[in-house]
$ cat upload.cif   # mmCIF, C-alpha atoms
data_input
#
loop_
_atom_site.label_atom_id
_atom_site.label_comp_id
_atom_site.auth_asym_id
_atom_site.auth_seq_id
_atom_site.Cartn_x
_atom_site.Cartn_y
_atom_site.Cartn_z
CA MET A 1 109.88 76.23 105.35
CA PHE A 2 107.45 78.84 106.53
CA ASN A 3 109.40 81.37 108.55
CA ASN A 4 113.06 82.19 108.67
CA SER A 5 114.63 84.02 111.56
CA ILE A 6 116.79 86.90 110.43
CA THR A 7 120.15 87.48 112.07
CA GLY A 8 122.15 90.66 112.17
CA TYR A 9 125.82 91.22 112.87
CA TYR A 10 127.35 94.34 114.35
CA SER A 11 130.93 94.38 115.60
CA ASN A 12 131.35 90.96 117.25
CA THR A 13 127.82 90.79 118.60
CA LYS A 14 125.11 88.65 117.03
CA TYR A 15 121.54 89.90 117.15
CA VAL A 16 118.46 87.86 116.31
CA PHE A 17 115.42 89.92 115.34
CA TRP A 18 112.34 87.77 114.91
CA ARG A 19 108.72 87.97 116.01
CA LYS A 20 105.47 86.64 114.62
CA PRO A 21 103.06 89.25 113.29
CA VAL A 22 100.00 87.53 114.71
CA PHE A 23 97.21 87.98 112.21
CA ASN A 24 98.95 88.00 108.81
CA LYS A 25 101.19 85.05 109.61
CA LEU A 26 98.35 83.09 111.19
CA PHE A 27 96.18 83.65 108.12
CA LEU A 28 99.05 82.67 105.82
CA PHE A 29 99.67 79.56 107.91
CA ILE A 30 96.02 78.49 107.71
CA LYS A 31 95.83 79.12 103.96
CA SER A 32 99.01 77.15 103.26
CA ARG A 33 98.02 74.09 105.34
CA VAL A 34 95.34 72.17 103.47
CA TRP A 35 95.15 69.56 106.22
CA LEU A 36 94.44 72.04 109.00
CA LEU A 37 90.71 72.65 108.50
CA PRO A 38 89.81 68.94 107.94
CA THR A 39 91.80 68.14 111.09
CA ILE A 40 89.81 70.70 113.09
CA PHE A 41 86.54 69.25 111.76
CA SER A 42 87.71 65.72 112.66
CA ILE A 43 88.64 66.69 116.21
CA GLY A 44 85.31 68.48 116.63
CA SER A 45 83.47 65.41 115.34
CA PHE A 46 85.29 63.19 117.82
CA PHE A 47 84.27 65.35 120.77
CA LEU A 48 80.72 65.52 119.40
CA ALA A 49 80.61 61.71 119.31
CA VAL A 50 81.84 61.55 122.92
CA PHE A 51 79.26 64.13 124.04
CA VAL A 52 76.39 62.38 122.24
CA ALA A 53 77.42 59.00 123.72
CA PHE A 54 77.17 60.43 127.25
CA LEU A 55 73.90 62.14 126.36
CA ASP A 56 72.46 58.86 125.07
CA GLN A 57 73.38 57.16 128.34
CA PHE A 58 71.75 59.99 130.27
CA ILE A 59 68.52 59.61 128.26
CA ASN A 60 68.49 55.83 128.79
CA LEU A 61 69.16 56.11 132.52
CA ASN A 62 66.55 58.80 133.13
CA ASP A 63 63.88 57.10 131.03
CA THR A 64 62.96 60.20 129.00
CA LYS A 65 59.77 58.78 127.51
CA ILE A 66 58.81 61.69 125.25
CA ILE A 67 62.16 61.64 123.40
CA LYS A 68 62.28 57.85 123.26
CA ALA A 69 58.78 57.62 121.82
CA PHE A 70 59.88 59.41 118.65
CA LEU A 71 63.61 58.70 118.30
CA THR A 72 64.35 55.34 119.92
CA ILE A 73 66.30 52.91 117.70
CA ASP A 74 67.45 49.45 118.80
CA ARG A 75 71.17 48.67 118.92
CA ASP A 76 71.34 46.44 115.84
CA LEU A 77 69.52 48.93 113.62
CA ALA A 78 71.67 51.77 114.99
CA GLN A 79 74.85 49.87 114.14
CA THR A 80 73.57 49.15 110.64
CA ILE A 81 72.67 52.79 109.98
CA LEU A 82 75.95 54.14 111.38
CA SER A 83 78.09 51.65 109.46
CA THR A 84 76.20 52.42 106.24
CA ILE A 85 76.61 56.17 106.71
CA ALA A 86 80.31 55.79 107.57
CA GLY A 87 80.94 53.76 104.41
CA SER A 88 78.97 56.21 102.27
CA LEU A 89 80.83 59.23 103.65
CA LEU A 90 84.18 57.53 103.09
CA THR A 91 83.16 56.90 99.48
CA MET A 92 82.09 60.54 99.05
CA THR A 93 85.41 61.67 100.54
CA THR A 94 87.29 59.49 98.05
CA ILE A 95 85.27 60.87 95.14
CA THR A 96 85.87 64.41 96.37
CA PHE A 97 89.62 63.80 96.63
CA SER A 98 89.69 62.31 93.11
CA THR A 99 87.75 65.31 91.78
CA ILE A 100 90.22 67.69 93.42
CA MET A 101 93.13 65.86 91.78
CA VAL A 102 91.45 66.14 88.36
CA VAL A 103 90.90 69.87 88.85
CA LEU A 104 94.52 70.35 89.94
CA THR A 105 95.71 68.53 86.83
CA THR A 106 93.51 70.79 84.71
CA TYR A 107 94.84 73.92 86.41
CA SER A 108 98.44 72.82 85.97
CA SER A 109 98.18 71.75 82.33
CA GLN A 110 95.67 74.26 80.97
CA PHE A 111 96.28 77.40 83.04
CA SER A 112 99.48 77.66 85.11
CA PRO A 113 101.18 75.72 87.92
CA ARG A 114 101.09 78.93 89.97
CA THR A 115 97.27 78.86 89.96
CA LEU A 116 97.06 75.52 91.79
CA GLN A 117 96.97 77.25 95.16
CA ASN A 118 93.88 79.22 94.09
CA PHE A 119 91.84 76.01 94.14
CA ILE A 120 93.55 73.84 96.72
CA ARG A 121 93.55 76.70 99.27
CA ASP A 122 90.00 77.67 98.49
CA MET A 123 87.96 77.64 101.69
CA VAL A 124 85.08 75.83 99.97
CA THR A 125 87.37 72.94 99.04
CA MET A 126 88.82 72.65 102.54
CA ARG A 127 85.40 72.90 104.20
CA VAL A 128 83.93 70.18 101.98
CA LEU A 129 86.78 67.84 102.85
CA GLY A 130 86.40 68.77 106.50
CA ILE A 131 82.65 68.07 106.56
CA PHE A 132 83.02 64.68 104.86
CA ILE A 133 85.94 63.55 107.00
CA GLY A 134 84.25 64.90 110.13
CA GLY A 135 81.05 63.00 109.34
CA PHE A 136 83.02 59.80 108.82
CA VAL A 137 84.91 60.27 112.10
CA TYR A 138 81.66 60.90 113.99
CA SER A 139 80.00 57.76 112.60
CA ILE A 140 83.02 55.54 113.32
CA PHE A 141 83.43 56.72 116.90
CA SER A 142 79.69 56.52 117.53
CA LEU A 143 79.93 52.84 116.59
CA LEU A 144 82.93 52.45 118.86
CA PHE A 145 81.16 53.99 121.85
CA MET A 146 78.12 51.71 121.61
CA LYS A 147 77.80 49.43 124.61
CA GLN A 148 76.36 45.93 124.53
CA GLU A 149 74.22 46.46 127.61
CA SER A 150 72.37 49.41 126.07
CA GLU A 151 69.14 48.42 124.40
CA SER A 152 68.50 51.59 122.41
CA TYR A 153 70.18 54.72 121.11
CA VAL A 154 68.40 57.98 120.58
CA LEU A 155 70.65 60.84 119.54
CA ALA A 156 73.74 59.18 118.05
CA VAL A 157 71.93 57.81 115.01
CA THR A 158 69.67 60.84 114.64
CA ILE A 159 72.61 63.24 114.52
CA SER A 160 74.46 60.93 112.14
CA VAL A 161 71.48 60.96 109.76
CA ILE A 162 71.38 64.77 109.94
CA ILE A 163 75.13 64.93 109.20
CA ALA A 164 74.70 62.56 106.26
CA SER A 165 71.89 64.72 104.87
CA VAL A 166 74.08 67.82 105.18
CA CYS A 167 76.92 65.99 103.43
CA VAL A 168 74.66 65.16 100.48
CA GLY A 169 73.79 68.83 100.09
CA VAL A 170 77.43 69.85 100.46
CA PHE A 171 78.46 67.30 97.85
CA ALA A 172 75.94 68.73 95.37
CA TYR A 173 77.29 72.22 96.04
CA PHE A 174 80.87 70.98 95.64
CA ILE A 175 80.07 69.61 92.17
CA HIS A 176 78.69 73.03 91.24
CA HIS A 177 81.79 74.70 92.70
CA VAL A 178 84.13 72.44 90.71
CA ALA A 179 82.19 73.07 87.49
CA SER A 180 82.56 76.82 88.08
CA SER A 181 86.22 76.60 89.07
CA VAL A 182 87.39 74.88 85.89
CA ARG A 183 85.94 77.68 83.76
CA VAL A 184 88.81 79.88 82.68
CA SER A 185 86.67 83.02 82.89
CA LYS A 186 86.02 82.27 86.57
CA LEU A 187 89.73 81.78 87.22
CA ILE A 188 90.64 85.04 85.46
CA GLU A 189 88.02 86.88 87.50
CA GLN A 190 89.36 85.38 90.72
CA LEU A 191 92.98 86.23 89.86
CA SER A 192 92.01 89.79 88.95
CA ASN A 193 90.06 90.25 92.18
CA ASP A 194 93.05 89.02 94.20
CA VAL A 195 95.31 91.58 92.51
CA LEU A 196 92.79 94.41 92.85
CA LYS A 197 92.33 93.60 96.53
CA SER A 198 96.10 93.79 97.15
CA ILE A 199 96.30 97.06 95.20
CA HIS A 200 93.35 98.53 97.11
CA ASN A 201 94.95 97.65 100.45
CA LYS A 202 98.20 99.35 99.50
CA ILE A 203 96.50 102.45 98.07
CA SER A 204 94.35 102.76 101.20
CA LYS A 205 97.43 102.52 103.38
CA VAL A 206 99.12 105.36 101.49
CA GLU A 207 96.06 107.60 101.24
CA LYS A 208 94.78 107.18 104.79
CA SER A 209 98.12 107.53 106.53
CA ASP A 210 99.84 110.85 107.11
CA HIS A 211 103.27 109.25 107.57
CA VAL A 212 103.48 107.05 104.45
CA ILE A 213 104.71 108.56 101.19
CA LEU A 214 105.65 107.15 97.78
CA VAL A 215 109.05 108.50 96.72
CA THR A 216 111.27 108.05 93.66
CA SER A 217 114.61 109.05 95.18
CA THR A 218 116.56 106.86 97.58
CA PRO A 219 115.89 107.87 101.22
CA SER A 220 119.15 108.83 102.95
CA ALA A 221 120.41 108.09 106.44
CA TYR A 222 122.44 111.28 106.73
CA LYS A 223 122.01 111.84 110.48
CA PHE A 224 123.06 108.34 111.55
CA SER A 225 126.67 107.29 112.10
CA LYS A 226 126.31 103.56 112.86
CA GLU A 227 124.56 100.69 111.18
CA ILE A 228 123.66 97.03 111.60
CA GLU A 229 123.48 94.79 108.55
CA ILE A 230 120.94 91.99 108.85
CA THR A 231 121.10 88.87 106.70
CA ASN A 232 118.85 85.82 106.41
CA ASN A 233 119.84 82.34 107.53
CA ASP A 234 117.98 80.43 104.83
CA PHE A 235 116.62 80.95 101.33
CA GLY A 236 113.07 81.82 100.30
CA TYR A 237 110.68 84.44 98.98
CA ILE A 238 109.71 87.52 100.96
CA GLN A 239 106.04 86.83 101.69
CA LEU A 240 105.13 89.45 104.28
CA ILE A 241 106.61 92.62 105.71
CA ASP A 242 104.95 93.90 108.87
CA GLU A 243 105.53 97.54 108.03
CA GLU A 244 103.58 99.06 110.91
CA LYS A 245 105.53 97.18 113.56
CA LEU A 246 108.83 98.05 111.90
CA TYR A 247 107.72 101.68 111.79
CA LYS A 248 106.75 101.59 115.46
CA GLN A 249 110.11 100.09 116.42
CA ALA A 250 111.99 102.66 114.34
CA CYS A 251 110.10 105.53 115.98
CA GLU A 252 110.61 104.20 119.51
CA GLU A 253 114.33 103.53 119.11
CA ASP A 254 115.17 106.45 116.80
CA TYR A 255 116.32 104.16 113.98
CA PHE A 256 116.24 104.39 110.22
CA ILE A 257 115.38 100.91 108.93
CA GLU A 258 116.28 100.36 105.29
CA ILE A 259 114.88 97.22 103.65
CA HIS A 260 116.83 96.27 100.53
CA HIS A 261 114.41 94.00 98.64
CA PRO A 262 110.75 94.41 97.67
CA ILE A 263 107.96 91.98 98.47
CA GLY A 264 108.24 88.79 96.39
CA SER A 265 112.03 88.88 96.04
CA PHE A 266 113.92 85.59 96.26
CA LEU A 267 116.71 85.67 98.83
CA PRO A 268 119.59 83.17 98.86
CA PRO A 269 121.28 82.37 102.19
CA ASP A 270 123.32 85.14 103.81
CA LYS A 271 121.73 87.81 101.62
CA LEU A 272 121.61 91.33 103.03
CA VAL A 273 117.95 91.86 103.94
CA MET A 274 117.95 95.20 105.70
CA THR A 275 120.17 97.76 107.40
CA ILE A 276 119.40 99.49 110.69
CA HIS A 277 120.96 102.95 110.91
CA HIS A 278 121.36 104.42 114.40
CA ASN A 279 123.48 106.70 116.56
CA GLY A 280 123.45 104.88 119.88
CA VAL A 281 123.74 101.26 120.94
CA ALA A 282 121.36 98.80 119.32
CA ASP A 283 120.26 96.29 121.91
CA ASN A 284 118.74 92.90 121.26
CA LYS A 285 115.14 93.89 120.52
CA GLU A 286 112.57 92.44 118.19
CA LEU A 287 112.99 94.64 115.17
CA GLU A 288 112.52 92.09 112.42
CA GLU A 289 109.06 91.55 110.92
CA ILE A 290 109.80 89.82 107.62
CA THR A 291 108.32 86.44 106.68
CA LEU A 292 110.13 84.18 104.22
CA GLY A 293 108.59 81.13 102.56
CA ASN A 294 109.19 78.63 99.79
CA GLU A 295 106.58 80.20 97.51
CA ARG A 296 105.15 83.61 96.77
CA THR A 297 101.71 84.75 97.93
CA THR A 298 99.34 87.49 96.82
CA MET A 299 98.63 88.88 100.30
CA GLN A 300 101.07 91.76 99.74
CA ASP A 301 102.78 90.71 96.51
CA ILE A 302 100.95 92.54 93.71
CA ASP A 303 103.50 91.44 91.10
CA PHE A 304 102.80 87.77 91.79
CA GLY A 305 99.09 88.21 91.12
CA LEU A 306 99.90 89.94 87.83
CA GLN A 307 102.32 87.14 86.98
CA LYS A 308 99.53 84.58 87.34
CA LEU A 309 97.37 86.45 84.83
CA THR A 310 100.33 86.70 82.46
CA GLU A 311 101.02 82.96 82.70
CA VAL A 312 97.40 82.08 81.94
CA ALA A 313 97.63 84.28 78.83
CA LEU A 314 100.92 82.64 77.80
CA ARG A 315 99.47 79.15 78.20
CA ALA A 316 96.43 80.19 76.14
CA ILE A 317 98.55 81.32 73.15
CA SER A 318 100.85 78.30 73.28
CA PRO A 319 100.69 76.01 70.19
CA GLY A 320 99.27 73.15 72.26
CA ILE A 321 96.21 75.14 73.35
CA ASN A 322 95.94 77.98 70.80
CA ASP A 323 93.16 79.93 72.52
CA PRO A 324 93.82 83.61 71.74
CA ASN A 325 90.44 84.74 73.09
CA THR A 326 91.39 83.60 76.58
CA ALA A 327 94.69 85.44 76.24
CA ILE A 328 92.84 88.59 75.16
CA ASP A 329 90.60 88.33 78.23
CA CYS A 330 93.71 88.06 80.43
CA ILE A 331 95.29 91.09 78.72
CA ARG A 332 92.15 93.15 79.31
CA ASN A 333 92.20 92.29 82.99
CA LEU A 334 95.92 93.07 83.13
CA GLY A 335 95.17 96.50 81.70
CA LEU A 336 92.53 97.09 84.36
CA CYS A 337 94.89 96.04 87.15
CA LEU A 338 97.84 98.01 85.76
CA LYS A 339 95.75 101.16 85.64
CA LYS A 340 95.24 100.80 89.39
CA VAL A 341 98.91 99.95 89.93
CA SER A 342 99.97 103.11 88.09
CA SER A 343 98.79 105.19 91.05
CA LEU A 344 101.53 103.49 93.11
CA ASP A 345 104.34 104.41 90.70
CA ALA A 346 107.44 104.98 92.82
CA ASN A 347 110.76 103.41 93.76
CA TYR A 348 110.27 103.41 97.51
CA LEU A 349 107.56 103.34 100.13
CA ALA A 350 108.82 105.68 102.86
CA TYR A 351 107.56 106.07 106.42
CA TYR A 352 108.19 109.43 108.07
CA LYS A 353 108.21 110.78 111.61
CA ASP A 354 108.47 114.56 112.03
CA ASN A 355 109.47 114.89 108.35
CA ILE A 356 112.36 112.45 108.84
CA VAL A 357 112.33 109.08 107.11
CA VAL A 358 112.49 106.16 109.56
CA LEU A 359 111.59 103.23 107.29
CA SER A 360 112.03 102.66 103.56
CA ILE A 361 110.82 99.69 101.54
CA PRO A 362 111.78 99.36 97.86
CA GLN A 363 109.21 98.60 95.20
CA ARG A 364 109.24 98.20 91.46
CA PRO A 365 108.43 101.32 89.43
CA PHE A 366 105.52 101.20 87.01
CA GLU A 367 107.62 100.78 83.86
CA GLU A 368 109.15 97.58 85.27
CA VAL A 369 105.77 96.20 86.28
CA LEU A 370 104.36 97.06 82.85
CA ARG A 371 107.20 95.33 81.03
CA SER A 372 107.10 92.21 83.22
CA CYS A 373 103.39 91.79 82.46
CA PHE A 374 103.61 92.08 78.69
CA TYR A 375 107.10 91.35 77.39
CA GLN A 376 106.63 87.56 77.32
CA ILE A 377 103.19 87.93 75.76
CA CYS A 378 104.74 90.20 73.12
CA HIS A 379 107.43 87.63 72.40
CA TYR A 380 105.18 84.59 72.02
CA GLY A 381 102.27 86.49 70.47
CA GLN A 382 104.22 88.72 68.09
CA LYS A 383 102.76 86.94 65.06
CA ASP A 384 99.15 87.21 66.25
CA ILE A 385 97.58 90.56 65.39
CA SER A 386 94.69 90.03 67.83
CA ILE A 387 97.12 89.70 70.74
CA LEU A 388 99.03 92.84 69.74
CA GLU A 389 95.80 94.80 69.34
CA ALA A 390 94.66 93.65 72.78
CA ILE A 391 97.94 94.87 74.32
CA PHE A 392 97.55 98.27 72.66
CA ASP A 393 93.96 98.44 73.91
CA ALA A 394 95.24 97.69 77.42
CA LEU A 395 97.80 100.49 77.10
CA LEU A 396 95.03 102.84 75.98
CA GLU A 397 92.99 101.83 79.03
CA ILE A 398 95.97 102.49 81.32
CA SER A 399 96.74 105.92 79.85
CA THR A 400 93.13 107.17 79.81
CA SER A 401 92.68 109.90 82.47
CA ASN A 402 96.13 109.20 83.86
CA THR A 403 99.16 111.36 84.63
CA LYS A 404 101.60 112.56 81.98
CA GLU A 405 104.36 110.40 83.45
CA ILE A 406 102.29 107.23 83.13
CA ILE A 407 101.15 108.12 79.61
CA GLU A 408 104.78 108.70 78.60
CA LYS A 409 105.77 105.30 79.96
CA THR A 410 102.95 103.55 78.10
CA VAL A 411 103.95 105.30 74.86
CA GLN A 412 107.54 104.17 75.32
CA PHE A 413 106.40 100.61 75.87
CA SER A 414 104.19 100.76 72.75
CA GLU A 415 107.31 101.56 70.73
CA TYR A 416 108.96 98.48 72.20
CA ILE A 417 105.97 96.38 71.09
CA LEU A 418 106.20 97.64 67.52
CA GLU A 419 109.92 96.90 67.42
CA LYS A 420 109.39 93.44 68.86
CA ALA A 421 106.57 92.55 66.48
CA ASP A 422 108.22 93.76 63.27
CA ILE A 423 104.90 95.02 61.91
CA HIS A 424 106.35 95.61 58.43
CA SER A 425 105.87 91.90 57.81
CA PHE A 426 102.14 92.22 58.53
CA PRO A 427 99.47 92.86 55.89
CA GLU A 428 98.68 96.52 55.29
CA LEU A 429 95.34 96.37 57.10
CA ASP A 430 96.97 94.98 60.25
CA GLN A 431 99.72 97.59 60.11
CA ARG A 432 97.12 100.34 59.83
CA SER A 433 95.24 98.97 62.84
CA LEU A 434 98.32 98.99 65.07
CA LYS A 435 99.48 102.41 63.88
CA ASP A 436 96.03 103.83 64.54
CA ARG A 437 96.11 102.55 68.12
CA LYS A 438 99.62 103.94 68.56
CA LYS A 439 98.44 107.33 67.30
CA ARG A 440 95.51 107.39 69.73
CA LEU A 441 97.90 106.55 72.53
CA VAL A 442 100.32 109.35 71.60
CA ASN A 443 97.47 111.86 71.31
CA GLN A 444 96.67 111.39 74.99
CA LYS A 445 99.99 112.97 75.98
#

$ encode --input "upload.cif" --output "structure tokens"
Amino acid sequence: MFNNSITGYYSNTKYVFWRKPVFNKLFLFIKSRVWLLPTIFSIGSFFLAVFVAFLDQFINLNDTKIIKAFLTIDRDLAQTILSTIAGSLLTMTTITFSTIMVVLTTYSSQFSPRTLQNFIRDMVTMRVLGIFIGGFVYSIFSLLFMKQESESYVLAVTISVIIASVCVGVFAYFIHHVASSVRVSKLIEQLSNDVLKSIHNKISKVEKSDHVILVTSTPSAYKFSKEIEITNNDFGYIQLIDEEKLYKQACEEDYFIEIHHPIGSFLPPDKLVMTIHHNGVADNKELEEITLGNERTTMQDIDFGLQKLTEVALRAISPGINDPNTAIDCIRNLGLCLKKVSSLDANYLAYYKDNIVVLSIPQRPFEEVLRSCFYQICHYGQKDISILEAIFDALLEISTSNTKEIIEKTVQFSEYILEKADIHSFPELDQRSLKDRKKRLVNQK
């Protein structure tokens, strides 16, 4: 399930509001289809083999002596070279696939099942598979297109040798890429960059637009007398909301569009997705720009990126792995990301036209995001003083040079941590360390 159409009901009339936001949905489609890029490479290789076969016939028919003097290969030798290259590339493809499966097993068992998509959807991985499969397809079809009456082949074998040489270099790079990918520090850096990119995009949208405002109170539809309630036909996670197109539709039709669930929410069938408030007659226009899918993505879902970092930290402090230093590294990166997220602290993202709200999208306030990042780590790491100290250090990082509201929320959460950890059971030195960090946090108010 990639997209769900959304249906709305008003009186006895059924409206279907669905349209593809071209670029975001296309990018999401490409990223979620591992087979797509290798298929494109394979099709391209097939057409290349056809083109080279015709070109070889042209060279043979026109007796191009200069080219033949350097590149002519008899049919038997050409068949031997092409069959050898095809077998070698198939072997390299098999080894690559086996390596990918080993990496996926490592990601799932050592890090988090949610991090699998970070490797399998990596463009390097898909390109490597595409190059190997494409080279194999080219060699096989070049063999197929060889004719018995032709005495020599010029370009088919030459290009196949070039492709094989490229594949060897790509394979060496892929081994380096795999060795880098299985390092937990590399994964944490990648997860953090994904979150920071999503945060930056949202902050830029708010700061650069004169009609987008973060608000804490619920936007009201006081001037509208009618409404359409829109529900979804199927279940799934909200992956994308095309806010600009919804805003444009609301401005053109004089609507107030109220979305009821934030990005990343799971919606069961027949769940109320959004309400369209209006005064006139709502005709059957394409007002819906919400993408549902069977898994969350980090394109717009900041919380999902933070959840990945949290899960890596939880797996690191589990008894089976017992790697608190990795958990501490995750907590530090969570603190860095949460400091950026704090600038988006609000309950709603509101779009205005002439000082009148026309579109509202709910979002989680900072205190909820903060708790969701750390409450599980606090629970499973409550006996480990290094984990608790790292969380306090992250809270200190968040509150440094921040607003009074954010500092107050971090102080409140620090009290929750101390209650959860029951620090009175700790040695005196550990208690003093935590209390000192709590004092430094309070002094920033």

$ residues_around --input "upload.cif" --residues "region 38-44 of chain A" --least-positions-apart "4" --cutoff "12 Å" --atoms "all atoms listed in the file" --output "ChimeraX atom specification"
/A:30,33-34,48-51,93,123-141

$ write_last_selection --input "upload.cif" --atoms "C-alpha atoms" --output "tab-separated table (two decimals), keeping the file's coordinate frame"
chain	number	residue	atom	x	y	z
A	30	ILE	CA	96.02	78.49	107.71
A	33	ARG	CA	98.02	74.09	105.34
A	34	VAL	CA	95.34	72.17	103.47
A	48	LEU	CA	80.72	65.52	119.40
A	49	ALA	CA	80.61	61.71	119.31
A	50	VAL	CA	81.84	61.55	122.92
A	51	PHE	CA	79.26	64.13	124.04
A	93	THR	CA	85.41	61.67	100.54
A	123	MET	CA	87.96	77.64	101.69
A	124	VAL	CA	85.08	75.83	99.97
A	125	THR	CA	87.37	72.94	99.04
A	126	MET	CA	88.82	72.65	102.54
A	127	ARG	CA	85.40	72.90	104.20
A	128	VAL	CA	83.93	70.18	101.98
A	129	LEU	CA	86.78	67.84	102.85
A	130	GLY	CA	86.40	68.77	106.50
A	131	ILE	CA	82.65	68.07	106.56
A	132	PHE	CA	83.02	64.68	104.86
A	133	ILE	CA	85.94	63.55	107.00
A	134	GLY	CA	84.25	64.90	110.13
A	135	GLY	CA	81.05	63.00	109.34
A	136	PHE	CA	83.02	59.80	108.82
A	137	VAL	CA	84.91	60.27	112.10
A	138	TYR	CA	81.66	60.90	113.99
A	139	SER	CA	80.00	57.76	112.60
A	140	ILE	CA	83.02	55.54	113.32
A	141	PHE	CA	83.43	56.72	116.90

$ residues_around --input "upload.cif" --residues "Leu334 (chain A)" --least-positions-apart "6" --cutoff "9 Å" --atoms "all atoms listed in the file" --output "PyMOL selection string"
chain A and resi 192+306+309-310+373-374+394

$ closest_residue --input "upload.cif" --among "A:Gln57, A:Ser433, A:Ser45, A:Asn347" --to "Glu367 (chain A)" --atoms "only C-alpha atoms"
A:Asn347

$ atom_distance --input "upload.cif" --atom1 "CA of Lys248 (chain A)" --atom2 "CA of Asp301 (chain A)"
22.2 Å

$ resolve_selection --input "upload.cif" --expression "the PyMOL selection byres ((chain A and resi 409) around 12)" --output "PyMOL selection string"
chain A and resi 342+345+365-371+395-396+398-399+402-408+410-416+441-442+445

$ resolve_selection --input "upload.cif" --expression "the PyMOL selection byres ((chain A and resi 383) around 10)" --output "PDB file with C-alpha atoms, in the frame of the given file"
ATOM      1  CA  CYS A 378     104.740  90.200  73.120  1.00  0.00           C
ATOM      2  CA  HIS A 379     107.430  87.630  72.400  1.00  0.00           C
ATOM      3  CA  TYR A 380     105.180  84.590  72.020  1.00  0.00           C
ATOM      4  CA  GLY A 381     102.270  86.490  70.470  1.00  0.00           C
ATOM      5  CA  GLN A 382     104.220  88.720  68.090  1.00  0.00           C
ATOM      6  CA  ASP A 384      99.150  87.210  66.250  1.00  0.00           C
ATOM      7  CA  ILE A 385      97.580  90.560  65.390  1.00  0.00           C
ATOM      8  CA  SER A 386      94.690  90.030  67.830  1.00  0.00           C
ATOM      9  CA  ILE A 387      97.120  89.700  70.740  1.00  0.00           C
ATOM     10  CA  LEU A 388      99.030  92.840  69.740  1.00  0.00           C
ATOM     11  CA  ALA A 421     106.570  92.550  66.480  1.00  0.00           C
ATOM     12  CA  ASP A 422     108.220  93.760  63.270  1.00  0.00           C
ATOM     13  CA  ILE A 423     104.900  95.020  61.910  1.00  0.00           C
ATOM     14  CA  SER A 425     105.870  91.900  57.810  1.00  0.00           C
ATOM     15  CA  PHE A 426     102.140  92.220  58.530  1.00  0.00           C
TER      16      PHE A 426
END

$ atom_distance --input "upload.cif" --atom1 "CA of Gln307 (chain A)" --atom2 "CA of Leu36 (chain A)"
27.8 Å

$ decode --input "upload.cif" --residues "region 241-272 of chain A" --atoms "C-alpha atoms" --output "compact mmCIF listing (two decimals), in the first residue's frame"
# COMPACT_ATOMS: atom_id res chain seq x y z
CA ILE A 241 1.11 16.29 3.57
CA ASP A 242 1.32 18.62 0.58
CA GLU A 243 0.71 21.74 2.62
CA GLU A 244 1.27 24.29 -0.13
CA LYS A 245 -1.31 22.74 -2.43
CA LEU A 246 -3.83 22.47 0.39
CA TYR A 247 -3.16 26.12 1.22
CA LYS A 248 -3.62 27.13 -2.41
CA GLN A 249 -6.91 25.23 -2.64
CA ALA A 250 -8.15 26.77 0.62
CA CYS A 251 -7.33 30.29 -0.60
CA GLU A 252 -8.97 29.78 -3.99
CA GLU A 253 -12.18 28.26 -2.63
CA ASP A 254 -12.41 30.29 0.59
CA TYR A 255 -12.17 27.19 2.80
CA PHE A 256 -10.73 26.51 6.22
CA ILE A 257 -9.08 23.09 6.04
CA GLU A 258 -8.50 21.49 9.43
CA ILE A 259 -6.26 18.41 9.50
CA HIS A 260 -6.80 16.34 12.63
CA HIS A 261 -3.62 14.24 12.86
CA PRO A 262 0.08 15.16 12.66
CA ILE A 263 2.62 13.63 10.31
CA GLY A 264 3.48 10.05 11.29
CA SER A 265 0.10 9.26 12.86
CA PHE A 266 -1.36 5.80 12.29
CA LEU A 267 -4.90 5.92 10.91
CA PRO A 268 -7.29 2.95 11.08
CA PRO A 269 -10.00 2.65 8.39
CA ASP A 270 -12.79 5.24 8.44
CA LYS A 271 -10.80 7.57 10.70
CA LEU A 272 -11.59 11.27 10.46
